[in-house]
Structure formats: C-alpha cells, structure tokens
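Everything on this sheet refers to the single structure shown next.
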Amino acid sequence: MSYENFPESEQPKEPVEKKNKTRNLLTGALIVALLATWGYIIYDNNAKQQEKTVLTAQLSTSDSAKSELQKELDDAALRLDALKTSNAKADSLIQTKDSDVQGLKNRIQTILNDKKATQAQLDEARRLIAQLKGNIDTYASEIEALKTKNTQLTQENAAISSQRDSARQNLQSAQQEIQQKQEVIDIGSTLHASNFNIVGLNKKGSGREKETSKAKKVDLLRISFDLDENRITTSGPKEIFISITAPDGKPVTVDALGSGEFTTRDGVEHAFTKKVTINYVQGEKQPVTVEWSQSSKFQTGNYKIEVYNNGFKIGQGTVSFKKGGLF
C-alpha cells in the first residue's frame with residue numbers, strides 16, 4: 001500500500017467556498033426577512049394610521065351629525081314648550097298626547113347620548129326627529145283650530161249674553177211696569193170715607209139712648225160714615241181701622257177691647273182703637289157704623305177720629321164734649 005502526501009496548502013478549497021456561500025445565503029435571507037418585517041411593520045403602521053384617519057373622520061362626521069340632530073331636537077323641544085306656555089288650552093291639548101311626545105324625545109336623546117351610536121342609529125334619530133316635528137305641526141294646527149273655535153264660541157256667548165241681558169232688561173221693565181200698575185191698582189182700590197157723624201150717647205136704664213155733649217154723661221161713642229163708590233176695589237171683606245185720639249193728645253186704646261197697632265203706607269207703626277171688617281160690594285156706596293165704649297170716663301174737649309184702610313187714612317172727623325153742670 002502506498003500513501004500520497006499532499007501539502008496542506010494544496011488541499012481542495014471547495015468546502016470553504018461552499019461554507020461562504022451558505023453564509024451569504026443565510027445573510028441574504030435574513031436581510032430579506034428583515035426587510036419584509038420592516039415592510040410589514042411600515043405597511044401595518046400605514047394601514048392603522050389610515051384606519052385611524054378614517055375613524056377620526058367618521059367620529060368627526062358622527063359628532064357633527066349628532067350636534068346637528070341635537071340642535072334640531074332642542075329647536076323642536078323649544079317650539080313645543082312655546083306652544084304650551086303661549087296658550088293654556090294648547091297645553092291641555094298637548095298633555096293628552098304627552099306620552100307619545102315624551103317617548104319620542106327620550107328615544108332620540110338616548111341615541112344622541114350614545115358615544116358609540118352607529119350610522120343606523122343616527123338615521124333612526126333623524127327619522128324620529130322628523131316624526132316629532134310632524135307631531136308638533138299637527139298640534140299647532142289643532143291649537144289654531146281650537147283658537148278659532150274658541151273665538152267663535154266667545155262671539156256666540158257674547159251674542160247669547162247680549163240677548164239674555166236684553167231679555168232680562170225687558171223682563172225687569174215688564175215687571176216694573178206690572179208692579180207700577182199693581183201699585184196704582186192697589187192705591188186706587190183704597191176705600192174713601194165721607195159724611196162723618198160722630199155723637200156721644202147716654203144710655204138710660206130703660207135701654208133708651210140719648211145724644212149728649214156732656215163728657216161725664218157719655219157712655220158710648222157712635223161713629224157713622226159712608227164708604228164711597230169704588231169700581232176698582234173688588235167685592236169682599238175689607239179691614240177698617242178706627243183710631244181715636246183723646247183731648248189730651250193720647251191715643252185711646254184698650255187691649256182687652258181689641259186695640260192694637262198697624263203699619264201705614266209710610267212704614268210707620270200707628271195705634272188703632274178698634275178694627276172692624278166690613279163686606280164691601282164693588283162700585284156701591286156703603287154706610288158703616290162703629291161704636292166705642294170704655295170703662296173710664298170720657299174727657300172734656302175734642303176727640304179726633306181717623307179712619308184707615310189699606311195703610312192710608314181715608315177720612316176723619318171730630319166730636320167735642322164739654323164739661324157738664326150740676327144737672
């Protein structure tokens with residue numbers, strides 16, 4: 001067996017070159033990978049920046065849309081409040097539909113308060129605002145119709161009130177006229193007394209009566225007069241009050257004999273000595289006789305006799321009694 005020795009410097013170079021080539025390939029691959037990584041990073045950053053720009057633009061657009069929608073909602077709310085405050089009846093009309101109005105406002109405001117509201121939600125808010133505005137327009141029209149109707153009703157009420165007042169005035173005038181006529185008839189129906197004859201009578205033991213002018217002998221005062229014809233006074237019982245005033249100026253009254261008081265047409269309480277009721281016949285003259293006796297003695301002097309009917313003094317007369325002598 002033979003061996004060949006080769007110098008070390010002359011050994012083959014192929015492994016070294018292969019090793020360098022491999023190293024170069026790896027380095028190139030690493031550089032390509034690094035470049036690819038940086039390219040992806042740059043691309044990704046650019047994509048994110050672009051996405052951020054788009055999102056910023058979308059947010060800006062969304063905020064702008066929200067601001068615009070918020071303004072529209074505020075304007076609609078102000079108009080609704082103006083309708084409420086400008087007319088009380090309008091407020092009552094809106095209050096009947098307040099739940100619908102408030103529901104729309106709350107839904108719209110919820111969307112506008114949502115920071116993540118989508119375009120679909122903003123579109124819904126825009127539609128709801130349009131619906132709210134339409135409702136407000138409807139309410140405004142109804143309010144105007146109410147105002148027109150109220151104006152008509154006010155005018156009708158004014159006309160009715162005027163007619164009522166006119167009718168009331170006519171009725172009052174008619175009542176006053178009737179009252180005046182009744183008063184005239186009432187006054188006209190008052191009787192009148194005439195032909196007075198007043199005498200003092202002395203009663204004898206035999207029952208015979210004798211006229212006397214001596215006060216101490218007078219037992220009975222007889223008053224006679226006529227009730228004149230009256231065609232207004234209706235037939236029937238009539239009250240006649242006889243008022244006698246003594247010479248000393250005091251009214252002659254005895255409660256036990258039926259004396260009392262009555263009210264004159266002037267509203268004055270007047271004492272009467274005796275009251276009689278006569279059955280008067282309409283349109284006829286009628287004689288009346290009234291007698292008065294008392295337990296006390298008659299006074300000397302003039303006795304005044306007044307006759308009253310229907311609150312009026314209808315006649316009067318006098319009689320004088322003198323002081324008697326020994327016989």
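Following the order of the structure tokens, first chain is A, next is B, and so on, with residues numbered from 1 inside each chain and ligands from 1 in the order they appear.
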Find the spatial neighbours of region 266-270 of chain A, counting only C-alpha atoms, within a cut-off of 10 Å - ignore same-chain residues fewer than 2 positions away - and output them as a CSV table (one decimal) with N, CA and C atoms, in the first residue's frame.
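Contents of around_33.csv, freshly written:
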chain,number,residue,atom,x,y,z
A,243,SER,N,-159.1,105.0,64.6
A,243,SER,CA,-158.1,105.5,65.5
A,243,SER,C,-158.7,106.7,66.2
A,251,PRO,N,-153.6,108.4,72.2
A,251,PRO,CA,-154.5,107.5,71.5
A,251,PRO,C,-155.3,106.8,72.5
A,260,GLY,N,-154.8,97.9,69.2
A,260,GLY,CA,-153.5,97.4,68.8
A,260,GLY,C,-152.8,98.4,67.9
A,261,GLU,N,-151.9,97.9,67.0
A,261,GLU,CA,-151.2,98.8,66.0
A,261,GLU,C,-151.2,98.2,64.6
A,262,PHE,N,-151.1,99.1,63.6
A,262,PHE,CA,-151.0,98.7,62.2
A,262,PHE,C,-149.9,99.5,61.6
A,263,THR,N,-149.5,99.1,60.4
A,263,THR,CA,-148.4,99.9,59.7
A,263,THR,C,-149.0,100.7,58.6
A,264,THR,N,-148.7,101.9,58.5
A,264,THR,CA,-149.2,102.8,57.4
A,264,THR,C,-148.4,102.6,56.2
A,272,PHE,N,-154.3,101.9,66.8
A,272,PHE,CA,-155.7,101.9,66.4
A,272,PHE,C,-156.5,101.5,67.7
A,311,GLY,N,-153.6,100.9,54.6
A,311,GLY,CA,-152.5,101.7,55.0
A,311,GLY,C,-152.6,103.2,54.9
A,312,PHE,N,-153.7,103.6,54.3
A,312,PHE,CA,-153.9,105.1,54.1
A,312,PHE,C,-155.0,105.6,55.0
- Which of these residues is nearest to Lys274 (chain A), using only C-alpha atoms: A:Val288, A:Val307, A:Ala158, A:Ala29? A:Val307
- May I have the residues within 12 Å of Asn302 (chain A) as a VMD selection string, using only C-alpha atoms and disregarding those fewer than 5 positions away in the same chain? chain A and resid 198 to 200 213 to 215 244 to 250 317 to 323
Restricted to N, CA and C atoms, what would the selected residues look like written as a CSV table (one decimal), in the first residue's frame?
chain,number,residue,atom,x,y,z
A,198,ILE,N,-170.4,111.9,64.2
A,198,ILE,CA,-169.9,111.3,65.5
A,198,ILE,C,-170.6,111.9,66.6
A,199,VAL,N,-171.2,111.1,67.5
A,199,VAL,CA,-172.0,111.6,68.6
A,199,VAL,C,-171.7,110.8,69.8
A,200,GLY,N,-171.9,111.5,71.0
A,200,GLY,CA,-171.9,110.8,72.3
A,200,GLY,C,-173.3,110.4,72.7
A,213,SER,N,-173.7,116.0,74.8
A,213,SER,CA,-172.3,116.6,74.5
A,213,SER,C,-171.6,116.8,75.8
A,214,LYS,N,-172.2,116.3,76.9
A,214,LYS,CA,-171.5,116.4,78.2
A,214,LYS,C,-170.6,115.2,78.5
A,215,ALA,N,-169.4,115.5,78.7
A,215,ALA,CA,-168.4,114.4,78.8
A,215,ALA,C,-168.8,113.4,79.9
A,244,ILE,N,-158.8,106.6,67.5
A,244,ILE,CA,-159.4,107.8,68.3
A,244,ILE,C,-158.3,108.4,69.2
A,245,THR,N,-158.2,109.7,69.1
A,245,THR,CA,-157.3,110.5,69.9
A,245,THR,C,-158.0,111.3,70.9
A,246,ALA,N,-157.7,111.2,72.1
A,246,ALA,CA,-158.4,111.9,73.2
A,246,ALA,C,-157.9,113.4,73.2
A,247,PRO,N,-158.7,114.2,73.9
A,247,PRO,CA,-158.4,115.7,74.0
A,247,PRO,C,-156.9,115.9,74.5
A,248,ASP,N,-156.4,115.0,75.3
A,248,ASP,CA,-155.0,115.2,75.8
A,248,ASP,C,-153.9,114.8,74.8
A,249,GLY,N,-154.4,114.4,73.6
A,249,GLY,CA,-153.4,114.0,72.6
A,249,GLY,C,-153.0,112.6,72.6
A,250,LYS,N,-153.4,111.8,73.5
A,250,LYS,CA,-153.1,110.4,73.6
A,250,LYS,C,-154.0,109.5,72.9
A,317,GLY,N,-163.0,112.7,61.4
A,317,GLY,CA,-164.0,113.6,61.9
A,317,GLY,C,-163.7,113.9,63.4
A,318,THR,N,-164.4,114.9,64.0
A,318,THR,CA,-164.2,115.3,65.4
A,318,THR,C,-165.5,115.4,66.1
A,319,VAL,N,-165.4,115.3,67.4
A,319,VAL,CA,-166.6,115.5,68.3
A,319,VAL,C,-166.1,116.2,69.5
A,320,SER,N,-166.8,117.1,70.0
A,320,SER,CA,-166.4,117.9,71.2
A,320,SER,C,-167.3,117.6,72.4
A,321,PHE,N,-166.8,117.3,73.5
A,321,PHE,CA,-167.5,117.1,74.7
A,321,PHE,C,-167.2,118.2,75.7
A,322,LYS,N,-168.2,118.8,76.3
A,322,LYS,CA,-168.0,119.8,77.3
A,322,LYS,C,-168.2,119.4,78.7
A,323,LYS,N,-167.8,120.2,79.6
A,323,LYS,CA,-168.0,119.9,81.0
A,323,LYS,C,-169.5,120.1,81.4
- Task: List the neighbours of Gln121 (chain A) out to 10 Å using only C-alpha atoms; skip same-chain residues closer than 6 positions along the sequence, and give me the result as a PyMOL selection string.
- Result: chain A and resi 108+111-112+114+127
Go ahead and write the residues just picked, C-alpha atoms, as a PDB file, in the first residue's frame.
ATOM      1  CA  ILE A 108     -83.926  60.491  20.347  1.00  0.00           C
ATOM      2  CA  ILE A 111     -79.379  57.808  20.720  1.00  0.00           C
ATOM      3  CA  LEU A 112     -77.655  61.180  20.774  1.00  0.00           C
ATOM      4  CA  ASP A 114     -74.649  57.183  22.964  1.00  0.00           C
ATOM      5  CA  ARG A 127     -86.386  59.906  11.332  1.00  0.00           C
TER       6      ARG A 127
END
Spatial neighbours of Ser235 (chain A), max dist 6 Å, only C-alpha atoms, sep filter under 2 positions, as a compact mmCIF listing (two decimals) with C-alpha atoms, in the first residue's frame:
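Output saved as part11.txt:
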# COMPACT_ATOMS: atom_id res chain seq x y z
CA TYR A 280 -167.74 95.69 50.73
CA VAL A 281 -169.60 95.50 47.42
CA GLN A 282 -167.68 96.81 44.41
- Item | Which residue of A:Glu183, A:Glu291, A:Asp165, A:Asp137 approaches Leu80 (chain A) most closely, using only C-alpha atoms |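 Selected residue with least distance to Leu80 (chain A): A:Asp137.
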